[in-house]
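Novice: Sharing a structure, written as structure tokens. Questions coming.
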Amino acid sequence: MKQNVFFVSGIDTDAGKSYATGFLARELTQKGNRTITQKFIQTGNVGHSEDIDLHRRIMGIPPTEEDRAGLTMPEIFSYPASPHLASRLDGRAIDFYKMEQATAELSRRYDTVLLEGAGGLMVPLTEDLLTIDYIAQKKYPLIFVTSGKLGSINHTLLSFEAIRHRGIRLDTVMYNLYPTVADKTIQEDTLIFIRKQMEKYFPDAQFILVPEI
């Protein structure tokens with residue numbers, strides 16, 4: 001597989017990963033980079049990924065050939081829970097081989113693959129495998145989504161510690177300004193604080209503001 005697959009994770013389920021993933025895919029595409037998004041594991045859906053639908057709406061494109069073939073949504077579980085629980089409730093194990101083959105095919109067809117995870121870094125995929133450990137095993141560079149909501153500093157710094165501990169390359173931090181808030185006191189201070197932490201521990205990582213589209 002070409003080294004053009006980036007794993008997208010965030011501080012928690014409500015970090016706005018799908019929104020940020022679609023935004024980044026749109027921006028890269030507009031710059032001439034052939035970019036596709038893939039949902040790592042979709043839960044809470046049947047037969048189709050609502051996150052992929054959101055990506056395409058933000059990108060301003062119709063469903064792709066790869067969407068119709070299932071390459072961008074290889075594993076879907078019906079119950080809206082972490083993958084380890086959703087797979088157990090549906091009575092079937094996650095097919096990692098199928099997912100990785102789909103990712104490899106996308107990486108052959110496109111310049112960049114944005115592989116969006118489910119929930120945050122510590123979400124369990126199986127009883128024995130956390131999302132963050134899967135990222136480390138596959139050596140995917142990480143795009144990390146955070147925001148200015150109350151609690152984001154704590155969640156972001158804990159995630160930074162875990163990323164450093166496992167030797168994961170933090171490629172980009174995306175700071176989500178969506179949804180818009182009237183009082184921006186916490187949002188603005190959190191942004192400054194996180195950027196200082198990045199300068200200290202991840203000086204080579206990019207920082208992207210994600211506006212409300």
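As shown in the structure tokens, the chain order sets the letters A, B, ...; within each chain, residues go from 1, and ligands are also counted from 1 in the order they appear.
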Give me, as a tab-separated table, each residue of region 109-176 of chain A that comes within 9 Å of region 31-55 of chain A, together with its shortest interatomic pair and the distance in Å at one decimal, counting only C-alpha atoms, with rows ordered by chain and rising residue number.
Specialist:
residue	atom	partner	partner_atom	distance
A:Arg109	CA	A:Arg34	CA	8.7
A:Tyr110	CA	A:Arg34	CA	5.4
A:Asp111	CA	A:Arg34	CA	5.1
A:Thr112	CA	A:Thr35	CA	4.7
A:Val113	CA	A:Ile36	CA	5.1
A:Leu114	CA	A:Thr37	CA	4.7
A:Leu115	CA	A:Gln38	CA	4.8
A:Glu116	CA	A:Lys39	CA	5.0
A:Gly117	CA	A:Phe40	CA	5.2
A:Ala118	CA	A:Ile41	CA	6.3
A:Leu125	CA	A:Ile41	CA	9.0
Novice: Pull C-alpha atoms from the residues just selected and write them as a compact mmCIF listing (two decimals), in the first residue's frame.
Specialist:
# COMPACT_ATOMS: atom_id res chain seq x y z
CA ARG A 109 -6.76 4.64 -7.19
CA TYR A 110 -6.30 7.96 -5.38
CA ASP A 111 -3.53 10.33 -4.32
CA THR A 112 -4.84 10.52 -0.73
CA VAL A 113 -7.15 8.36 1.38
CA LEU A 114 -8.71 9.89 4.50
CA LEU A 115 -9.68 6.94 6.70
CA GLU A 116 -12.16 8.13 9.31
CA GLY A 117 -12.32 6.14 12.55
CA ALA A 118 -15.22 5.56 14.91
CA LEU A 125 -12.34 -2.37 18.03
Novice: Need to verify the contact set: Pro124 (chain A), 10 Å, only C-alpha atoms, exclusion of same-chain residues closer than 2 positions in sequence. Can you return it as a JSON list (two decimals) with C-alpha atoms, in the first residue's frame?
Specialist:
[["chain", "number", "residue", "atom", "x", "y", "z"],
["A", 82, "SER", "CA", -18.29, 1.20, 19.75],
["A", 83, "PRO", "CA", -17.20, -1.37, 17.14],
["A", 84, "HIS", "CA", -16.43, -4.13, 19.66],
["A", 85, "LEU", "CA", -19.99, -3.95, 21.04],
["A", 118, "ALA", "CA", -15.22, 5.56, 14.91],
["A", 119, "GLY", "CA", -15.20, 7.74, 18.02],
["A", 120, "GLY", "CA", -11.95, 8.64, 19.76],
["A", 121, "LEU", "CA", -8.51, 7.07, 19.92],
["A", 122, "MET", "CA", -9.27, 4.73, 22.81],
["A", 126, "THR", "CA", -12.27, -5.78, 19.70],
["A", 127, "GLU", "CA", -11.90, -6.91, 23.30],
["A", 128, "ASP", "CA", -8.12, -6.81, 22.82],
["A", 129, "LEU", "CA", -7.50, -4.03, 20.31],
["A", 130, "LEU", "CA", -7.96, -0.28, 20.72],
["A", 131, "THR", "CA", -8.22, 2.10, 17.78],
["A", 132, "ILE", "CA", -4.97, 3.84, 18.75],
["A", 133, "ASP", "CA", -3.09, 0.54, 18.78],
["A", 134, "TYR", "CA", -4.45, -0.33, 15.36]]
Novice: For Ile153 (chain A), which residue among A:Ala182, A:Ala86, A:Ile192, A:Leu106 is the nearest when counting only C-alpha atoms?
Specialist: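 Going through A:Ala182, A:Ala86, A:Ile192, A:Leu106 one by one, the smallest distance to Ile153 (chain A) is for A:Ile192.
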Novice: Pick out the closest residue to Phe144 (chain A) from this set: A:Ile213, A:Lys196, A:Ala205, A:Asp189. Count only C-alpha atoms.
Specialist: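 Of all the options, A:Ala205 lies closest to Phe144 (chain A).
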Novice: Could you tell me which of A:Gly70, A:Gly151, A:Gly60, A:Pro203 comes closest to Ala15 (chain A) if we count only C-alpha atoms?
Specialist: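 Residue with the minimum atom-to-atom distance to Ala15 (chain A): A:Gly151.
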Novice: What does the distance from CA of Asn4 (chain A) to CA of Ser87 (chain A) come to in Å, to one decimal?
Specialist: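 Taking CA of Asn4 (chain A) and CA of Ser87 (chain A), their separation equals 28.1 Å.
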Novice: Using CA of Arg56 (chain A) and CA of Gly22 (chain A) as the two end points, give the distance in Å to one decimal.
Specialist: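 Separation of CA of Arg56 (chain A) and CA of Gly22 (chain A): 6.9 Å.
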Novice: Any chance you could list, as an NGL selection string, the residues in region 84-124 of chain A that come up strand (DSSP E) when DSSP is run on the backbone?
Specialist: :A and (112-120)
Novice: Could you take the residues named above and write them with all heavy atoms, as a tab-separated table (two decimals), in the first residue's frame?
Specialist:
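Listed below is the output, result-v1.tsv:
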chain	number	residue	atom	x	y	z
A	112	THR	N	-4.72	10.48	-2.18
A	112	THR	CA	-4.84	10.52	-0.73
A	112	THR	C	-6.11	9.82	-0.30
A	112	THR	O	-7.17	10.00	-0.90
A	112	THR	CB	-4.87	11.98	-0.21
A	112	THR	OG1	-3.66	12.64	-0.60
A	112	THR	CG2	-5.01	12.02	1.30
A	113	VAL	N	-6.00	9.01	0.76
A	113	VAL	CA	-7.15	8.36	1.38
A	113	VAL	C	-7.27	8.88	2.81
A	113	VAL	O	-6.32	8.78	3.60
A	113	VAL	CB	-7.01	6.82	1.40
A	113	VAL	CG1	-8.23	6.18	2.07
A	113	VAL	CG2	-6.81	6.27	0.00
A	114	LEU	N	-8.43	9.45	3.14
A	114	LEU	CA	-8.71	9.89	4.50
A	114	LEU	C	-9.59	8.83	5.15
A	114	LEU	O	-10.75	8.66	4.78
A	114	LEU	CB	-9.40	11.24	4.50
A	114	LEU	CG	-8.66	12.39	3.82
A	114	LEU	CD1	-9.48	13.68	3.88
A	114	LEU	CD2	-7.29	12.61	4.45
A	115	LEU	N	-9.02	8.09	6.08
A	115	LEU	CA	-9.68	6.94	6.70
A	115	LEU	C	-10.25	7.36	8.06
A	115	LEU	O	-9.52	7.46	9.05
A	115	LEU	CB	-8.66	5.80	6.86
A	115	LEU	CG	-9.10	4.50	7.50
A	115	LEU	CD1	-10.32	3.93	6.81
A	115	LEU	CD2	-7.95	3.50	7.48
A	116	GLU	N	-11.54	7.63	8.09
A	116	GLU	CA	-12.16	8.13	9.31
A	116	GLU	C	-12.50	7.01	10.28
A	116	GLU	O	-13.19	6.05	9.92
A	116	GLU	CB	-13.43	8.92	8.99
A	116	GLU	CG	-14.06	9.52	10.24
A	116	GLU	CD	-15.47	10.04	10.03
A	116	GLU	OE1	-15.84	10.29	8.87
A	116	GLU	OE2	-16.19	10.21	11.04
A	117	GLY	N	-12.04	7.13	11.52
A	117	GLY	CA	-12.32	6.14	12.55
A	117	GLY	C	-13.69	6.32	13.17
A	117	GLY	O	-14.48	7.18	12.76
A	118	ALA	N	-13.96	5.49	14.17
A	118	ALA	CA	-15.22	5.56	14.91
A	118	ALA	C	-14.91	6.05	16.32
A	118	ALA	O	-14.18	5.40	17.07
A	118	ALA	CB	-15.89	4.19	14.96
A	119	GLY	N	-15.45	7.21	16.69
A	119	GLY	CA	-15.20	7.74	18.02
A	119	GLY	C	-13.76	8.21	18.20
A	119	GLY	O	-13.10	8.61	17.24
A	120	GLY	N	-13.29	8.16	19.45
A	120	GLY	CA	-11.95	8.64	19.76
A	120	GLY	C	-10.87	7.58	19.67
A	120	GLY	O	-11.13	6.44	19.29
